[in-house]
Amino acid sequence: MWKPPGERQDTPRRRGEPGTRAASSRRRRAGPRGTQIAVSFAPMIDMTFLLLIFFLVTTTFERAEGILASQFPRDAGAPAVALPLSPIVVRLRQNGPEHGDFDIAVDHFGNTPRDFAELTDVIHRIHDEPGFDRETPVVIVTDDEVRWDHVVACWNAALRADCARIAFAEP
Amino acid sequence: MGANLTPTIDVIFTLTIFFMLVTRFNSAEQVPMELPKPDDSRARVVSLPQRVVINCRAESAVDAAPTPVLYSIGPNRPEPLAVISDRLAALKQQAPGLKVVVRADRRIHYRHVRAVMRVIAGHNIEMLNVVAHVSEEEE
């Protein structure tokens, strides 16, 4: 509550009396024998600078790596699953010298998807056919000259179509 | 007249906390290379115990074919596939449940990776684990 100046001086407090700011400040800074204790922030700021410089120098912004799991080519080792008579065979054929010169074909179904997104749709449609489901093995047959990037994209397309069994075979 | 360092220190603290949160330390076995980046990748970040990483990287950064391929186990120097096969056999003897992860450059041809697959399968390892970039949602 506001008081006129005259009334404020009714309860004077001298510097250092209990309850004043000077007294609390003295409690904070004075040790048992009256020695001055001061908290130095300099080492903490030094450490922070060092950490900052370390992270600035070492950080590289890259996408994380993950793992795709599959089975080995049938003729390279013992397959983990017995393949039925009619697996879904996906072929990748190189048809030119350039990076993107390749065809995708699905055997026995007459499908030639233009890209890997369409391949996912084609496999989904095959799963809807009688006798096929997501447990039907998908066998990827790839020409030697196809880039690894496309092979992994094909593999990923089969995984996007919820295929549970994906294997490789020799061309 | 003294400079007020409080905003500077605030910014430095903020930057430090940001970098501490976003930094992910790569393993030494992750040799720098261009990994496959499939659309809507189904690759998952998993930790495989008892694993060995075989790196297959293009010797030249030029995209022209044919590109010589260098094979190495983890961070070791490049070696012929026959030597890698011997090392793999020794590792398989020590740890029968050994998992093999293939990190291959996206630009190399399939035949280079297939050669590695044959080596791995020759040691009765059935599963093939291949590294690709994960999707942005997974990150």
# chains A, B, ... in the order shown; residues from 1 in each chain; ligands from 1
call {"tool": "interface_residues", "arguments": {"of": "chain A", "to": "chain B", "cutoff": "10 Å", "atoms": "only C-alpha atoms", "output": "VMD selection string"}}
result
chain A and resid 45 48 to 56 58 to 80 97 to 99 116 to 117 142 to 160 167 to 168 170
call {"tool": "residues_around", "arguments": {"residues": "Leu119 of chain A", "least_positions_apart": "4", "cutoff": "12 Å", "atoms": "only C-alpha atoms", "output": "PyMOL selection string"}}
result
chain A and resi 88-92+103-106+111-115+123-126+138+153-161
call {"tool": "write_last_selection", "arguments": {"atoms": "C-alpha atoms", "output": "short mmCIF file (atom, residue, chain, number, x, y, z; two decimals), in the first residue's frame"}}
result
data_model
loop_
_atom_site.label_atom_id
_atom_site.label_comp_id
_atom_site.auth_asym_id
_atom_site.auth_seq_id
_atom_site.Cartn_x
_atom_site.Cartn_y
_atom_site.Cartn_z
CA ILE A 88 6.47 -64.07 -58.14
CA VAL A 89 9.56 -63.52 -60.28
CA VAL A 90 10.62 -59.91 -60.76
CA ARG A 91 13.27 -59.26 -63.42
CA LEU A 92 15.48 -56.22 -63.76
CA ASP A 103 13.23 -52.55 -67.51
CA ILE A 104 11.16 -54.11 -64.77
CA ALA A 105 9.12 -57.21 -65.62
CA VAL A 106 7.04 -59.64 -63.60
CA ASN A 111 3.28 -56.93 -66.22
CA THR A 112 5.96 -54.41 -67.03
CA PRO A 113 5.79 -51.72 -64.36
CA ARG A 114 7.28 -48.38 -65.34
CA ASP A 115 8.79 -47.71 -61.92
CA ILE A 123 2.54 -57.18 -56.47
CA HIS A 124 -0.40 -56.04 -54.36
CA ARG A 125 -2.77 -57.01 -57.20
CA ILE A 126 -1.07 -60.41 -57.57
CA VAL A 138 9.20 -62.98 -54.45
CA ALA A 153 14.77 -50.13 -54.81
CA CYS A 154 13.19 -53.31 -56.22
CA TRP A 155 13.72 -55.10 -52.93
CA ASN A 156 12.19 -52.15 -51.09
CA ALA A 157 9.19 -52.16 -53.45
CA ALA A 158 8.53 -55.81 -52.55
CA LEU A 159 8.75 -54.95 -48.85
CA ARG A 160 6.28 -52.10 -49.40
CA ALA A 161 3.92 -54.67 -50.90
#
call {"tool": "atom_distance", "arguments": {"atom1": "atom CA of Ile166 of chain A", "atom2": "atom CA of Glu135 of chain A"}}
result
9.4 Å
call {"tool": "closest_residue", "arguments": {"among": "B:Asn4, B:Gln50, B:Asn55, B:Ser60", "to": "Pro32 of chain B", "atoms": "only C-alpha atoms"}}
result
B:Asn55
call {"tool": "atom_distance", "arguments": {"atom1": "atom CA of Val116 of chain B", "atom2": "atom CA of Ser86 of chain A"}}
result
27.8 Å
call {"tool": "select_by_dssp", "arguments": {"residues": "chain B", "states": "strand (DSSP E)", "output": "JSON, numbers by chain"}}
result
{"B": [51, 52, 53, 54, 55, 56, 57, 58, 69, 70, 71, 72, 73, 99, 100, 101, 102, 103, 104, 127, 128, 129, 130, 131, 132, 133]}
call {"tool": "write_last_selection", "arguments": {"atoms": "N, CA and C atoms", "output": "mmCIF file, in the first residue's frame"}}
result
data_model
loop_
_atom_site.group_PDB
_atom_site.id
_atom_site.type_symbol
_atom_site.label_atom_id
_atom_site.label_comp_id
_atom_site.auth_asym_id
_atom_site.auth_seq_id
_atom_site.Cartn_x
_atom_site.Cartn_y
_atom_site.Cartn_z
ATOM 1 N N ARG B 51 28.111 -58.919 -35.374
ATOM 2 C CA ARG B 51 27.978 -58.660 -36.800
ATOM 3 C C ARG B 51 29.330 -58.271 -37.371
ATOM 4 N N VAL B 52 29.446 -58.472 -38.664
ATOM 5 C CA VAL B 52 30.621 -58.013 -39.379
ATOM 6 C C VAL B 52 30.116 -57.262 -40.613
ATOM 7 N N VAL B 53 30.709 -56.117 -40.864
ATOM 8 C CA VAL B 53 30.268 -55.274 -41.973
ATOM 9 C C VAL B 53 31.263 -55.405 -43.121
ATOM 10 N N ILE B 54 30.740 -55.724 -44.303
ATOM 11 C CA ILE B 54 31.576 -55.754 -45.508
ATOM 12 C C ILE B 54 31.219 -54.537 -46.354
ATOM 13 N N ASN B 55 32.198 -53.672 -46.548
ATOM 14 C CA ASN B 55 31.990 -52.469 -47.344
ATOM 15 C C ASN B 55 32.380 -52.732 -48.791
ATOM 16 N N CYS B 56 31.532 -52.296 -49.710
ATOM 17 C CA CYS B 56 31.830 -52.396 -51.146
ATOM 18 C C CYS B 56 31.695 -50.983 -51.701
ATOM 19 N N ARG B 57 32.806 -50.355 -51.959
ATOM 20 C CA ARG B 57 32.699 -48.966 -52.425
ATOM 21 C C ARG B 57 33.399 -48.785 -53.756
ATOM 22 N N ALA B 58 32.864 -47.826 -54.507
ATOM 23 C CA ALA B 58 33.425 -47.535 -55.820
ATOM 24 C C ALA B 58 34.752 -46.809 -55.630
ATOM 25 N N VAL B 69 35.800 -51.768 -57.851
ATOM 26 C CA VAL B 69 35.153 -51.804 -56.534
ATOM 27 C C VAL B 69 36.162 -52.279 -55.487
ATOM 28 N N LEU B 70 36.173 -51.596 -54.352
ATOM 29 C CA LEU B 70 37.070 -51.952 -53.252
ATOM 30 C C LEU B 70 36.252 -52.618 -52.155
ATOM 31 N N TYR B 71 36.724 -53.774 -51.714
ATOM 32 C CA TYR B 71 36.027 -54.505 -50.646
ATOM 33 C C TYR B 71 36.854 -54.409 -49.371
ATOM 34 N N SER B 72 36.178 -54.227 -48.264
ATOM 35 C CA SER B 72 36.901 -54.193 -46.984
ATOM 36 C C SER B 72 35.977 -54.660 -45.873
ATOM 37 N N ILE B 73 36.587 -55.223 -44.846
ATOM 38 C CA ILE B 73 35.815 -55.605 -43.654
ATOM 39 C C ILE B 73 35.906 -54.451 -42.678
ATOM 40 N N LYS B 99 26.425 -62.415 -37.878
ATOM 41 C CA LYS B 99 25.570 -61.772 -38.887
ATOM 42 C C LYS B 99 26.467 -60.939 -39.802
ATOM 43 N N VAL B 100 26.150 -60.984 -41.068
ATOM 44 C CA VAL B 100 26.945 -60.226 -42.038
ATOM 45 C C VAL B 100 26.073 -59.115 -42.628
ATOM 46 N N VAL B 101 26.625 -57.920 -42.617
ATOM 47 C CA VAL B 101 25.922 -56.760 -43.173
ATOM 48 C C VAL B 101 26.734 -56.258 -44.365
ATOM 49 N N VAL B 102 26.061 -56.081 -45.487
ATOM 50 C CA VAL B 102 26.727 -55.602 -46.697
ATOM 51 C C VAL B 102 26.383 -54.125 -46.899
ATOM 52 N N ARG B 103 27.427 -53.290 -46.901
ATOM 53 C CA ARG B 103 27.233 -51.864 -47.216
ATOM 54 C C ARG B 103 27.825 -51.638 -48.601
ATOM 55 N N ALA B 104 26.974 -51.414 -49.563
ATOM 56 C CA ALA B 104 27.458 -51.271 -50.936
ATOM 57 C C ALA B 104 27.072 -49.914 -51.497
ATOM 58 N N MET B 127 21.123 -65.523 -44.122
ATOM 59 C CA MET B 127 20.450 -64.230 -44.248
ATOM 60 C C MET B 127 21.377 -63.174 -44.813
ATOM 61 N N LEU B 128 20.799 -62.346 -45.641
ATOM 62 C CA LEU B 128 21.533 -61.242 -46.246
ATOM 63 C C LEU B 128 21.003 -59.934 -45.644
ATOM 64 N N ASN B 129 21.881 -59.171 -45.043
ATOM 65 C CA ASN B 129 21.495 -57.876 -44.486
ATOM 66 C C ASN B 129 22.197 -56.784 -45.288
ATOM 67 N N VAL B 130 21.396 -55.921 -45.862
ATOM 68 C CA VAL B 130 21.941 -54.879 -46.735
ATOM 69 C C VAL B 130 21.581 -53.518 -46.163
ATOM 70 N N VAL B 131 22.523 -52.597 -46.280
ATOM 71 C CA VAL B 131 22.315 -51.264 -45.701
ATOM 72 C C VAL B 131 21.742 -50.319 -46.757
ATOM 73 N N ALA B 132 20.724 -49.570 -46.356
ATOM 74 C CA ALA B 132 20.161 -48.509 -47.191
ATOM 75 C C ALA B 132 19.766 -47.368 -46.265
ATOM 76 N N HIS B 133 19.565 -46.214 -46.850
ATOM 77 C CA HIS B 133 19.111 -45.097 -46.020
ATOM 78 C C HIS B 133 17.678 -45.349 -45.552
#
call {"tool": "atom_distance", "arguments": {"atom1": "atom CA of Gly74 of chain B", "atom2": "atom CA of Val31 of chain B"}}
result
7.4 Å
